[in-house]
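Single-structure report; data block below.
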Amino acid sequence: MNNFNEQPADLSVYDGTRRRVREFLAAELARGTFKPWQVTWTTFDRAFSRRAGEAGFIGMTWPRAFGGGEASALERYVVVEEMLAAGAPCGAHWIADRQSGPQILKHGSERAKREILPRIVRGECAFGIGMSEPDSGSDLAAVRTRAEKVEGGWRLNGTKVWTTNAHQVDYLITLVRTSPAGEKKHEGLTQMITPTDAPGITVRPILDLSGHHEFNEVHFEDYFVPDDMLVGEPGSGWAMVTAELAYERSGPDRYLSAWQLLTALVDRVGGDPDRLQSVQVGRLVAHAMALRRMSTVVAGLLDRGANPQVEAALVKHAGTGFEREIPEIARLLVGRGDGRDAGATRFDEALRQVTLTAPSFTLRGGTREILRGVIARGLGLR
Ligand SMILES: Cc1cc2nc3c(=O)[nH]c(=O)nc-3n(C[C@H](O)[C@H](O)[C@H](O)COP(=O)(O)OP(=O)(O)OC[C@H]3O[C@@H](n4cnc5c(N)ncnc54)[C@H](O)[C@@H]3O)c2cc1C
């Protein structure tokens with residue numbers, strides 16, 4: 001845990017890249033391709049992702065042989081941070097760029113790498129995460145979707161739930177049980193690449209609190225996965241999932257989801273804040289800076305090949321708590337706007353949007369209770 005005492009990496013060496021991504025985003029905003037306070041980083045926009053791919057902002061760290069830019073994880077961090085701060089609709093490339101692509105690169109077959117990675121880099125291939133099930137969300141190792149070995153591959157049967165954008169993506173990486181749990185229930189799990197247009201898969205919508213369709217329930221019935229679409233060896237799924245979660249939990253997406261609301265709040269409070277406004281906004285900004293430092297330290301650790309699961313859990317725990325606090329404080333300081341009126345301001349619209357989505361910030365990617373368990377174990381307390 002002392003890793004947080006480390007000096008965070010110096011991101012100023014990537015100022016050229018930061019300028020380039022800011023120019024890209026400014027051009028997008030000037031063309032009105034998205035309204036930052038109306039979208040989130042899960043908003044699915046294939047056209048935006050294709051342009052981000054053309055500009056070289058997807059798969060940046062991957063080998064040139066697969067279309068990547070061989071940049072460092074820290075340079076990618078700068079790009080991701082700018083995209084999030086600008087409120088860009090990254091949903092059509094986010095999961096593939098953040099975790100599915102890196103998993104395929106590390107553990108996928110030659111065919112999977114050759115066929116899939118260059119399309120992700122071009123922003124033409126979207127992924128979703130098929131981990132949670134109706135009776136196993138937090139207790140992920142209890143997944144019941146089963147795959148049995150058949151000639152040339154595996155036959156899948158089971159149901160996944162809360163699968164973000166499953167109705168729009170090209171593939172899921174699906175966690176399944178390929179052999180009965182041994183003494184430990186973490187054994188016998190495997191990840192598989194599952195195209196969403198193959199026979200045997202049905203995707204049904206689940207509407208969220210805001211009436212929006214992003215979640216889905218996904219059923220597999222006698223769905224065939226060829227051997228070369230496994231990610232890693234059969235039975236290696238758990239180690240992979242836990243390593244993947246370190247990427248999923250530590251990035252700036254875990255504290256910048258409500259950034260547009262925070263900047264709108266600062267504008268709304270204006271240049272002459274009262275004492276309460278100064279204290280509260282100052283506190284939020286100070287927390288944001290501390291979180292950025294923590295997240296950058298984890299990015300540096302990941303860049304050096306470490307597996308900082310506990311540090312990542314801490315970033316997510318603190319970061320998503322911070323994200324959830326922003327709409328509460330905004331309401332306290334400015335009051336509630338409806339956000340749907342013709343004259344609604346950027347602040348009102350952002351407040352409405354974040355208020356409706358904030359409850360999910362601390363659930364997705366692992367709940368706070370689960371993170372506390374990971375942290376306690378890391379500290380030797382359980
Ligand atoms: C916006 C959003 C997007 C999501 N996208 C995806 C996705 O794309 N793919 C995917 O696979 N999943 C996705 N999920 C699912 C998410 O990972 C799960 O909701 C989460 O892991 C919790 O699982 P659950 O909903 O089954 O709750 P449960 O596991 O049933 O938990 C219910 C409550 O009990 C608590 N609890 C459970 N176990 C313990 C314990 N051992 N100790 C203490 N408390 C405990 C939890 O903290 C929670 O408060 C998404 C969720 C959200 C909200």
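Letters A, B, ... go to the chains of the structure tokens in the order shown; residues in each chain start at 1; ligands are counted from 1 in the same order.
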**OP:** Give the residues close to ligand 1, within 8 Å, counting only C-alpha atoms and all ligand atoms; write them as JSON, numbers by chain.
**Re:** {"A": [128, 129, 130, 131, 132, 133, 134, 135, 136, 137, 138, 139, 140, 160, 161, 162, 163, 164, 165, 166, 215, 357, 359, 360, 361, 362, 363, 364, 365, 366, 367, 368, 369, 370, 373]}
Subject >> Secondary structure check, strand (DSSP E) residues of region 40-275 of chain A, as a ChimeraX atom specification >> reply: /A:127-130,146-150,153-161,171-177,189-195,201-207,213-226,230-231
Could you save the residues just selected, with C-alpha atoms, as a PDB file, in the first residue's frame?
```pdb
ATOM      1  CA  PHE A 127     -16.764  -5.280 -26.919  1.00  0.00           C
ATOM      2  CA  GLY A 128     -18.874  -5.839 -23.817  1.00  0.00           C
ATOM      3  CA  ILE A 129     -18.234  -7.662 -20.545  1.00  0.00           C
ATOM      4  CA  GLY A 130     -20.122 -10.910 -19.911  1.00  0.00           C
ATOM      5  CA  ARG A 146     -21.442 -23.668 -18.524  1.00  0.00           C
ATOM      6  CA  ALA A 147     -19.393 -24.665 -21.518  1.00  0.00           C
ATOM      7  CA  GLU A 148     -19.006 -28.319 -22.410  1.00  0.00           C
ATOM      8  CA  LYS A 149     -16.272 -29.599 -24.690  1.00  0.00           C
ATOM      9  CA  VAL A 150     -17.403 -30.650 -28.152  1.00  0.00           C
ATOM     10  CA  GLY A 153     -14.741 -26.109 -29.518  1.00  0.00           C
ATOM     11  CA  TRP A 154     -17.196 -25.574 -26.683  1.00  0.00           C
ATOM     12  CA  ARG A 155     -20.976 -25.430 -26.342  1.00  0.00           C
ATOM     13  CA  LEU A 156     -22.323 -22.686 -24.036  1.00  0.00           C
ATOM     14  CA  ASN A 157     -25.570 -22.536 -22.085  1.00  0.00           C
ATOM     15  CA  GLY A 158     -26.515 -19.901 -19.517  1.00  0.00           C
ATOM     16  CA  THR A 159     -27.532 -16.317 -18.816  1.00  0.00           C
ATOM     17  CA  LYS A 160     -25.601 -13.106 -18.221  1.00  0.00           C
ATOM     18  CA  VAL A 161     -27.116  -9.916 -16.850  1.00  0.00           C
ATOM     19  CA  TYR A 171     -18.384  -9.340 -29.149  1.00  0.00           C
ATOM     20  CA  LEU A 172     -18.584 -10.111 -25.458  1.00  0.00           C
ATOM     21  CA  ILE A 173     -15.796 -11.646 -23.446  1.00  0.00           C
ATOM     22  CA  THR A 174     -17.832 -14.153 -21.499  1.00  0.00           C
ATOM     23  CA  LEU A 175     -16.800 -15.835 -18.259  1.00  0.00           C
ATOM     24  CA  VAL A 176     -18.000 -19.442 -18.102  1.00  0.00           C
ATOM     25  CA  ARG A 177     -17.485 -22.596 -16.107  1.00  0.00           C
ATOM     26  CA  LEU A 189     -13.460 -20.838 -15.042  1.00  0.00           C
ATOM     27  CA  THR A 190     -12.600 -19.721 -18.562  1.00  0.00           C
ATOM     28  CA  GLN A 191     -13.047 -16.561 -20.659  1.00  0.00           C
ATOM     29  CA  MET A 192     -14.301 -16.858 -24.236  1.00  0.00           C
ATOM     30  CA  ILE A 193     -14.772 -14.434 -27.124  1.00  0.00           C
ATOM     31  CA  THR A 194     -18.426 -14.617 -28.121  1.00  0.00           C
ATOM     32  CA  PRO A 195     -19.670 -12.749 -31.224  1.00  0.00           C
ATOM     33  CA  ILE A 201     -27.446 -15.847 -28.460  1.00  0.00           C
ATOM     34  CA  THR A 202     -30.429 -13.686 -27.472  1.00  0.00           C
ATOM     35  CA  VAL A 203     -30.060 -10.161 -26.084  1.00  0.00           C
ATOM     36  CA  ARG A 204     -32.970  -8.587 -24.179  1.00  0.00           C
ATOM     37  CA  PRO A 205     -33.101  -4.988 -22.954  1.00  0.00           C
ATOM     38  CA  ILE A 206     -33.247  -3.840 -19.307  1.00  0.00           C
ATOM     39  CA  LEU A 207     -34.139  -0.156 -18.846  1.00  0.00           C
ATOM     40  CA  HIS A 213     -31.458   1.224 -22.587  1.00  0.00           C
ATOM     41  CA  GLU A 214     -27.840   0.359 -21.860  1.00  0.00           C
ATOM     42  CA  PHE A 215     -28.158  -2.813 -19.764  1.00  0.00           C
ATOM     43  CA  ASN A 216     -29.159  -6.191 -21.149  1.00  0.00           C
ATOM     44  CA  GLU A 217     -29.822  -9.765 -20.262  1.00  0.00           C
ATOM     45  CA  VAL A 218     -27.967 -12.185 -22.544  1.00  0.00           C
ATOM     46  CA  HIS A 219     -28.986 -15.821 -23.042  1.00  0.00           C
ATOM     47  CA  PHE A 220     -26.753 -18.462 -24.568  1.00  0.00           C
ATOM     48  CA  GLU A 221     -28.428 -21.609 -25.827  1.00  0.00           C
ATOM     49  CA  ASP A 222     -26.235 -24.279 -27.411  1.00  0.00           C
ATOM     50  CA  TYR A 223     -23.951 -21.461 -28.559  1.00  0.00           C
ATOM     51  CA  PHE A 224     -20.755 -22.741 -30.220  1.00  0.00           C
ATOM     52  CA  VAL A 225     -17.310 -21.228 -29.453  1.00  0.00           C
ATOM     53  CA  PRO A 226     -14.371 -22.555 -31.506  1.00  0.00           C
ATOM     54  CA  LEU A 230     -10.798 -19.018 -25.865  1.00  0.00           C
ATOM     55  CA  VAL A 231      -8.837 -16.340 -24.059  1.00  0.00           C
TER      56      VAL A 231
END
```
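Atom to atom, CA of Glu54 (chain A) and CA of Val121 (chain A) stand 8.3 Å apart.
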Per-residue nearest contacts region 173-255 of chain A to region 97-100 of chain A, cut-off 8 Å, using only C-alpha atoms, as JSON lines:
```
{"residue": "A:Ile173", "atom": "CA", "partner": "A:Ser100", "partner_atom": "CA", "distance": 7.0}
{"residue": "A:Glu244", "atom": "CA", "partner": "A:Gln99", "partner_atom": "CA", "distance": 6.3}
{"residue": "A:Tyr247", "atom": "CA", "partner": "A:Gln99", "partner_atom": "CA", "distance": 6.8}
{"residue": "A:Glu248", "atom": "CA", "partner": "A:Gln99", "partner_atom": "CA", "distance": 7.1}
```
Please save all heavy atoms of the selected residues as a PDB file, in the first residue's frame.
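Final output, again.pdb:
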```
ATOM      1  N   ILE A 173     -16.678 -10.635 -24.042  1.00  0.00           N
ATOM      2  CA  ILE A 173     -15.796 -11.646 -23.446  1.00  0.00           C
ATOM      3  C   ILE A 173     -16.590 -12.213 -22.288  1.00  0.00           C
ATOM      4  O   ILE A 173     -17.001 -11.493 -21.377  1.00  0.00           O
ATOM      5  CB  ILE A 173     -14.429 -11.072 -23.017  1.00  0.00           C
ATOM      6  CG1 ILE A 173     -13.615 -10.736 -24.270  1.00  0.00           C
ATOM      7  CG2 ILE A 173     -13.683 -12.106 -22.173  1.00  0.00           C
ATOM      8  CD1 ILE A 173     -12.140 -10.496 -24.050  1.00  0.00           C
ATOM      9  N   GLU A 244      -7.712  -8.233 -14.892  1.00  0.00           N
ATOM     10  CA  GLU A 244      -8.489  -7.305 -15.721  1.00  0.00           C
ATOM     11  C   GLU A 244      -9.148  -6.233 -14.843  1.00  0.00           C
ATOM     12  O   GLU A 244      -9.230  -5.060 -15.212  1.00  0.00           O
ATOM     13  CB  GLU A 244      -9.564  -8.140 -16.432  1.00  0.00           C
ATOM     14  CG  GLU A 244     -10.283  -7.499 -17.566  1.00  0.00           C
ATOM     15  CD  GLU A 244     -11.184  -8.545 -18.276  1.00  0.00           C
ATOM     16  OE1 GLU A 244     -10.795  -9.727 -18.353  1.00  0.00           O
ATOM     17  OE2 GLU A 244     -12.260  -8.164 -18.738  1.00  0.00           O
ATOM     18  N   TYR A 247      -7.280  -3.049 -14.115  1.00  0.00           N
ATOM     19  CA  TYR A 247      -7.394  -2.015 -15.158  1.00  0.00           C
ATOM     20  C   TYR A 247      -8.761  -1.331 -15.065  1.00  0.00           C
ATOM     21  O   TYR A 247      -8.888  -0.130 -15.203  1.00  0.00           O
ATOM     22  CB  TYR A 247      -7.246  -2.645 -16.555  1.00  0.00           C
ATOM     23  CG  TYR A 247      -5.820  -2.975 -16.902  1.00  0.00           C
ATOM     24  CD1 TYR A 247      -5.288  -4.224 -16.595  1.00  0.00           C
ATOM     25  CD2 TYR A 247      -5.001  -2.047 -17.526  1.00  0.00           C
ATOM     26  CE1 TYR A 247      -3.973  -4.537 -16.895  1.00  0.00           C
ATOM     27  CE2 TYR A 247      -3.677  -2.355 -17.835  1.00  0.00           C
ATOM     28  CZ  TYR A 247      -3.181  -3.597 -17.515  1.00  0.00           C
ATOM     29  OH  TYR A 247      -1.877  -3.894 -17.810  1.00  0.00           O
ATOM     30  N   GLU A 248      -9.778  -2.165 -14.820  1.00  0.00           N
ATOM     31  CA  GLU A 248     -11.144  -1.658 -14.826  1.00  0.00           C
ATOM     32  C   GLU A 248     -11.393  -0.701 -13.663  1.00  0.00           C
ATOM     33  O   GLU A 248     -12.227   0.187 -13.740  1.00  0.00           O
ATOM     34  CB  GLU A 248     -12.111  -2.857 -14.760  1.00  0.00           C
ATOM     35  CG  GLU A 248     -13.555  -2.461 -14.984  1.00  0.00           C
ATOM     36  CD  GLU A 248     -14.517  -3.650 -14.973  1.00  0.00           C
ATOM     37  OE1 GLU A 248     -14.079  -4.784 -15.196  1.00  0.00           O
ATOM     38  OE2 GLU A 248     -15.709  -3.414 -14.740  1.00  0.00           O
TER      39      GLU A 248
END
```
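Between Arg352 (chain A) and the residues A:Ala306, A:Ala26, A:Leu291, A:Ile326, the shortest atom-to-atom distance, using only C-alpha atoms, involves A:Ile326.
Restricting the calculation to only C-alpha atoms, the smallest distance between Trp238 (chain A) and any of A:Thr178, A:Thr42, A:Thr17, A:Ser210 is found for A:Thr178.
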Taking the DSSP assignment computed from this structure's backbone, write out as a short mmCIF file (atom, residue, chain, number, x, y, z; two decimals) with N, CA and C atoms, in the first residue's frame all residues of region 37-285 of chain A that belong to helix (DSSP H, G or I).
```cif
data_model
loop_
_atom_site.label_atom_id
_atom_site.label_comp_id
_atom_site.auth_asym_id
_atom_site.auth_seq_id
_atom_site.Cartn_x
_atom_site.Cartn_y
_atom_site.Cartn_z
N TRP A 37 -22.48 17.38 -21.58
CA TRP A 37 -23.25 17.24 -20.34
C TRP A 37 -24.46 16.32 -20.54
N GLN A 38 -24.64 15.81 -21.76
CA GLN A 38 -25.77 14.91 -22.01
C GLN A 38 -25.34 13.46 -22.20
N ARG A 46 -20.65 4.90 -32.66
CA ARG A 46 -19.65 4.26 -33.52
C ARG A 46 -18.88 5.27 -34.38
N ALA A 47 -19.59 6.31 -34.84
CA ALA A 47 -18.93 7.29 -35.72
C ALA A 47 -17.83 8.02 -34.94
N PHE A 48 -18.12 8.37 -33.69
CA PHE A 48 -17.10 9.05 -32.88
C PHE A 48 -15.89 8.11 -32.68
N SER A 49 -16.18 6.84 -32.37
CA SER A 49 -15.07 5.90 -32.13
C SER A 49 -14.24 5.71 -33.40
N ARG A 50 -14.89 5.69 -34.55
CA ARG A 50 -14.11 5.54 -35.80
C ARG A 50 -13.16 6.73 -35.98
N ARG A 51 -13.65 7.93 -35.66
CA ARG A 51 -12.78 9.11 -35.81
C ARG A 51 -11.66 9.07 -34.76
N ALA A 52 -11.98 8.60 -33.55
CA ALA A 52 -10.94 8.49 -32.52
C ALA A 52 -9.88 7.46 -32.97
N GLY A 53 -10.36 6.38 -33.61
CA GLY A 53 -9.44 5.37 -34.13
C GLY A 53 -8.54 5.94 -35.23
N GLU A 54 -9.15 6.67 -36.14
CA GLU A 54 -8.37 7.30 -37.23
C GLU A 54 -7.29 8.21 -36.67
N ARG A 64 2.65 -2.39 -33.20
CA ARG A 64 2.32 -1.86 -34.54
C ARG A 64 1.81 -2.96 -35.46
N ALA A 65 2.27 -4.20 -35.23
CA ALA A 65 1.84 -5.32 -36.07
C ALA A 65 0.32 -5.46 -36.07
N PHE A 66 -0.32 -5.02 -34.98
CA PHE A 66 -1.79 -5.12 -34.92
C PHE A 66 -2.44 -3.74 -35.05
N ALA A 73 1.64 3.20 -21.35
CA ALA A 73 0.33 3.26 -20.71
C ALA A 73 0.06 4.67 -20.18
N LEU A 74 1.11 5.39 -19.84
CA LEU A 74 0.91 6.74 -19.30
C LEU A 74 0.50 7.73 -20.39
N GLU A 75 1.02 7.52 -21.60
CA GLU A 75 0.58 8.39 -22.70
C GLU A 75 -0.90 8.12 -22.99
N ARG A 76 -1.27 6.84 -22.94
CA ARG A 76 -2.70 6.50 -23.13
C ARG A 76 -3.53 7.15 -22.02
N TYR A 77 -2.98 7.16 -20.82
CA TYR A 77 -3.71 7.75 -19.68
C TYR A 77 -4.07 9.21 -19.99
N VAL A 78 -3.13 9.93 -20.58
CA VAL A 78 -3.37 11.35 -20.91
C VAL A 78 -4.55 11.47 -21.88
N VAL A 79 -4.59 10.59 -22.87
CA VAL A 79 -5.67 10.63 -23.88
C VAL A 79 -7.01 10.31 -23.22
N VAL A 80 -7.01 9.27 -22.40
CA VAL A 80 -8.25 8.83 -21.75
C VAL A 80 -8.78 9.94 -20.83
N GLU A 81 -7.85 10.53 -20.09
CA GLU A 81 -8.22 11.60 -19.15
C GLU A 81 -8.86 12.78 -19.90
N GLU A 82 -8.29 13.14 -21.02
CA GLU A 82 -8.84 14.27 -21.79
C GLU A 82 -10.23 13.92 -22.37
N MET A 83 -10.36 12.69 -22.85
CA MET A 83 -11.66 12.26 -23.40
C MET A 83 -12.74 12.34 -22.33
N LEU A 84 -12.40 11.85 -21.13
CA LEU A 84 -13.38 11.84 -20.04
C LEU A 84 -13.70 13.26 -19.59
N ALA A 85 -12.67 14.08 -19.43
CA ALA A 85 -12.89 15.45 -18.95
C ALA A 85 -13.76 16.21 -19.95
N TRP A 94 -14.69 1.86 -25.58
CA TRP A 94 -14.13 1.93 -24.23
C TRP A 94 -13.67 0.58 -23.69
N ILE A 95 -14.59 -0.40 -23.70
CA ILE A 95 -14.29 -1.70 -23.10
C ILE A 95 -13.19 -2.42 -23.90
N ALA A 96 -13.29 -2.34 -25.22
CA ALA A 96 -12.29 -3.03 -26.07
C ALA A 96 -10.91 -2.43 -25.83
N ASP A 97 -10.84 -1.11 -25.72
CA ASP A 97 -9.55 -0.43 -25.55
C ASP A 97 -9.01 -0.66 -24.14
N ARG A 98 -9.90 -0.60 -23.15
CA ARG A 98 -9.46 -0.68 -21.75
C ARG A 98 -9.10 -2.10 -21.32
N GLN A 99 -9.92 -3.10 -21.71
CA GLN A 99 -9.63 -4.42 -21.17
C GLN A 99 -9.72 -5.60 -22.12
N SER A 100 -10.70 -5.60 -23.06
CA SER A 100 -10.81 -6.80 -23.90
C SER A 100 -9.61 -6.92 -24.83
N GLY A 101 -9.24 -5.82 -25.48
CA GLY A 101 -8.09 -5.84 -26.40
C GLY A 101 -6.81 -6.28 -25.68
N PRO A 102 -6.49 -5.64 -24.54
CA PRO A 102 -5.29 -6.08 -23.81
C PRO A 102 -5.32 -7.56 -23.42
N GLN A 103 -6.51 -8.08 -23.07
CA GLN A 103 -6.59 -9.51 -22.73
C GLN A 103 -6.31 -10.38 -23.95
N ILE A 104 -6.88 -9.98 -25.10
CA ILE A 104 -6.66 -10.77 -26.33
C ILE A 104 -5.18 -10.71 -26.71
N LEU A 105 -4.60 -9.52 -26.59
CA LEU A 105 -3.19 -9.36 -26.92
C LEU A 105 -2.32 -10.27 -26.06
N LYS A 106 -2.66 -10.38 -24.79
CA LYS A 106 -1.84 -11.16 -23.86
C LYS A 106 -2.13 -12.66 -23.95
N HIS A 107 -3.42 -13.02 -24.08
CA HIS A 107 -3.77 -14.44 -23.93
C HIS A 107 -4.54 -15.01 -25.12
N GLU A 110 -3.60 -16.62 -32.09
CA GLU A 110 -3.09 -15.81 -33.21
C GLU A 110 -4.24 -15.31 -34.08
N ARG A 111 -5.22 -16.20 -34.28
CA ARG A 111 -6.37 -15.82 -35.12
C ARG A 111 -7.13 -14.65 -34.49
N ALA A 112 -7.39 -14.74 -33.18
CA ALA A 112 -8.13 -13.68 -32.51
C ALA A 112 -7.37 -12.36 -32.62
N LYS A 113 -6.06 -12.41 -32.41
CA LYS A 113 -5.26 -11.18 -32.47
C LYS A 113 -5.33 -10.56 -33.87
N ARG A 114 -5.12 -11.43 -34.87
CA ARG A 114 -5.06 -10.96 -36.25
C ARG A 114 -6.42 -10.42 -36.72
N GLU A 115 -7.49 -11.14 -36.36
CA GLU A 115 -8.81 -10.75 -36.88
C GLU A 115 -9.44 -9.60 -36.12
N ILE A 116 -9.16 -9.51 -34.82
CA ILE A 116 -9.92 -8.57 -33.99
C ILE A 116 -9.16 -7.28 -33.66
N LEU A 117 -7.89 -7.41 -33.27
CA LEU A 117 -7.19 -6.21 -32.74
C LEU A 117 -7.14 -5.04 -33.73
N PRO A 118 -6.78 -5.27 -35.01
CA PRO A 118 -6.71 -4.12 -35.92
C PRO A 118 -8.08 -3.42 -36.08
N ARG A 119 -9.16 -4.19 -35.98
CA ARG A 119 -10.50 -3.57 -36.10
C ARG A 119 -10.81 -2.73 -34.86
N ILE A 120 -10.37 -3.18 -33.70
CA ILE A 120 -10.56 -2.36 -32.50
C ILE A 120 -9.80 -1.04 -32.65
N VAL A 121 -8.56 -1.14 -33.10
CA VAL A 121 -7.72 0.06 -33.25
C VAL A 121 -8.37 1.06 -34.19
N LEU A 140 -18.58 -13.50 -8.11
CA LEU A 140 -18.39 -13.80 -9.53
C LEU A 140 -17.97 -15.25 -9.77
N ALA A 141 -17.22 -15.81 -8.82
CA ALA A 141 -16.73 -17.17 -9.02
C ALA A 141 -17.86 -18.20 -9.03
N ALA A 142 -19.08 -17.75 -8.65
CA ALA A 142 -20.22 -18.68 -8.63
C ALA A 142 -20.93 -18.73 -9.98
N ASP A 227 -12.36 -23.50 -30.52
CA ASP A 227 -11.23 -23.55 -29.58
C ASP A 227 -10.37 -22.29 -29.63
N ASP A 228 -10.18 -21.74 -30.84
CA ASP A 228 -9.26 -20.59 -30.91
C ASP A 228 -9.93 -19.27 -30.52
N MET A 229 -11.14 -19.34 -29.97
CA MET A 229 -11.75 -18.12 -29.43
C MET A 229 -11.77 -18.15 -27.89
N GLY A 237 -9.50 -18.64 -16.19
CA GLY A 237 -10.37 -17.45 -16.20
C GLY A 237 -10.26 -16.57 -14.98
N TRP A 238 -10.14 -17.17 -13.80
CA TRP A 238 -10.19 -16.35 -12.59
C TRP A 238 -9.00 -15.39 -12.49
N ALA A 239 -7.80 -15.94 -12.75
CA ALA A 239 -6.59 -15.10 -12.67
C ALA A 239 -6.72 -13.95 -13.65
N MET A 240 -7.30 -14.25 -14.82
CA MET A 240 -7.44 -13.22 -15.85
C MET A 240 -8.42 -12.14 -15.44
N VAL A 241 -9.54 -12.58 -14.87
CA VAL A 241 -10.57 -11.63 -14.46
C VAL A 241 -10.04 -10.69 -13.38
N THR A 242 -9.30 -11.24 -12.42
CA THR A 242 -8.82 -10.38 -11.33
C THR A 242 -7.77 -9.39 -11.87
N ALA A 243 -6.93 -9.86 -12.80
CA ALA A 243 -5.95 -8.93 -13.38
C ALA A 243 -6.67 -7.83 -14.18
N GLU A 244 -7.71 -8.23 -14.89
CA GLU A 244 -8.49 -7.30 -15.72
C GLU A 244 -9.15 -6.23 -14.84
N LEU A 245 -9.60 -6.67 -13.65
CA LEU A 245 -10.30 -5.72 -12.78
C LEU A 245 -9.38 -4.62 -12.28
N ALA A 246 -8.07 -4.88 -12.21
CA ALA A 246 -7.14 -3.82 -11.79
C ALA A 246 -7.17 -2.68 -12.81
N TYR A 247 -7.28 -3.05 -14.12
CA TYR A 247 -7.39 -2.02 -15.16
C TYR A 247 -8.76 -1.33 -15.06
N GLU A 248 -9.78 -2.16 -14.82
CA GLU A 248 -11.14 -1.66 -14.83
C GLU A 248 -11.39 -0.70 -13.66
N ARG A 249 -10.65 -0.88 -12.55
CA ARG A 249 -10.99 -0.14 -11.34
C ARG A 249 -10.13 1.09 -11.08
N SER A 250 -9.02 1.23 -11.78
CA SER A 250 -8.08 2.26 -11.33
C SER A 250 -8.01 3.48 -12.22
N PRO A 252 -9.07 6.83 -14.79
CA PRO A 252 -9.79 8.09 -14.53
C PRO A 252 -11.29 7.97 -14.74
N ASP A 253 -11.75 6.88 -15.36
CA ASP A 253 -13.21 6.67 -15.50
C ASP A 253 -13.84 6.43 -14.14
N ARG A 254 -13.04 6.22 -13.10
CA ARG A 254 -13.59 5.98 -11.76
C ARG A 254 -13.66 7.24 -10.91
N TRP A 259 -17.54 14.83 -14.05
CA TRP A 259 -16.67 15.99 -14.21
C TRP A 259 -17.39 17.17 -14.87
N GLN A 260 -18.23 16.86 -15.85
CA GLN A 260 -18.96 17.93 -16.53
C GLN A 260 -19.84 18.69 -15.54
N LEU A 261 -20.42 17.96 -14.59
CA LEU A 261 -21.26 18.62 -13.58
C LEU A 261 -20.40 19.48 -12.66
N LEU A 262 -19.22 19.00 -12.30
CA LEU A 262 -18.35 19.78 -11.42
C LEU A 262 -17.94 21.09 -12.10
N THR A 263 -17.55 21.01 -13.37
CA THR A 263 -17.13 22.25 -14.05
C THR A 263 -18.33 23.18 -14.25
N ALA A 264 -19.50 22.59 -14.51
CA ALA A 264 -20.71 23.42 -14.65
C ALA A 264 -21.04 24.09 -13.31
N LEU A 265 -20.80 23.35 -12.21
CA LEU A 265 -21.05 23.91 -10.87
C LEU A 265 -20.12 25.09 -10.61
N VAL A 266 -18.85 24.91 -10.96
CA VAL A 266 -17.88 26.01 -10.75
C VAL A 266 -18.33 27.24 -11.54
N ASP A 267 -18.77 27.04 -12.79
CA ASP A 267 -19.26 28.18 -13.60
C ASP A 267 -20.50 28.79 -12.95
N ARG A 268 -21.39 27.95 -12.49
CA ARG A 268 -22.65 28.43 -11.94
C ARG A 268 -22.44 29.22 -10.64
N VAL A 269 -21.53 28.74 -9.81
CA VAL A 269 -21.21 29.44 -8.55
C VAL A 269 -20.58 30.79 -8.87
N ARG A 275 -19.14 31.62 1.47
CA ARG A 275 -18.19 30.78 2.20
C ARG A 275 -18.47 29.29 2.01
N LEU A 276 -19.76 28.92 2.10
CA LEU A 276 -20.12 27.50 1.94
C LEU A 276 -19.72 27.00 0.54
N GLN A 277 -20.01 27.83 -0.46
CA GLN A 277 -19.66 27.42 -1.84
C GLN A 277 -18.14 27.25 -1.98
N SER A 278 -17.37 28.20 -1.42
CA SER A 278 -15.90 28.10 -1.53
C SER A 278 -15.39 26.84 -0.87
N VAL A 279 -15.90 26.57 0.33
CA VAL A 279 -15.40 25.41 1.08
C VAL A 279 -15.74 24.12 0.32
N GLN A 280 -16.99 24.01 -0.12
CA GLN A 280 -17.43 22.75 -0.75
C GLN A 280 -16.77 22.53 -2.11
N VAL A 281 -16.72 23.57 -2.91
CA VAL A 281 -16.10 23.41 -4.24
C VAL A 281 -14.60 23.17 -4.06
N GLY A 282 -13.99 23.89 -3.13
CA GLY A 282 -12.55 23.70 -2.88
C GLY A 282 -12.25 22.27 -2.45
N ARG A 283 -13.14 21.72 -1.60
CA ARG A 283 -12.95 20.35 -1.12
C ARG A 283 -13.04 19.36 -2.29
N LEU A 284 -14.05 19.56 -3.15
CA LEU A 284 -14.20 18.65 -4.30
C LEU A 284 -12.98 18.69 -5.21
N VAL A 285 -12.51 19.90 -5.47
CA VAL A 285 -11.37 20.03 -6.39
C VAL A 285 -10.11 19.40 -5.76
#
```
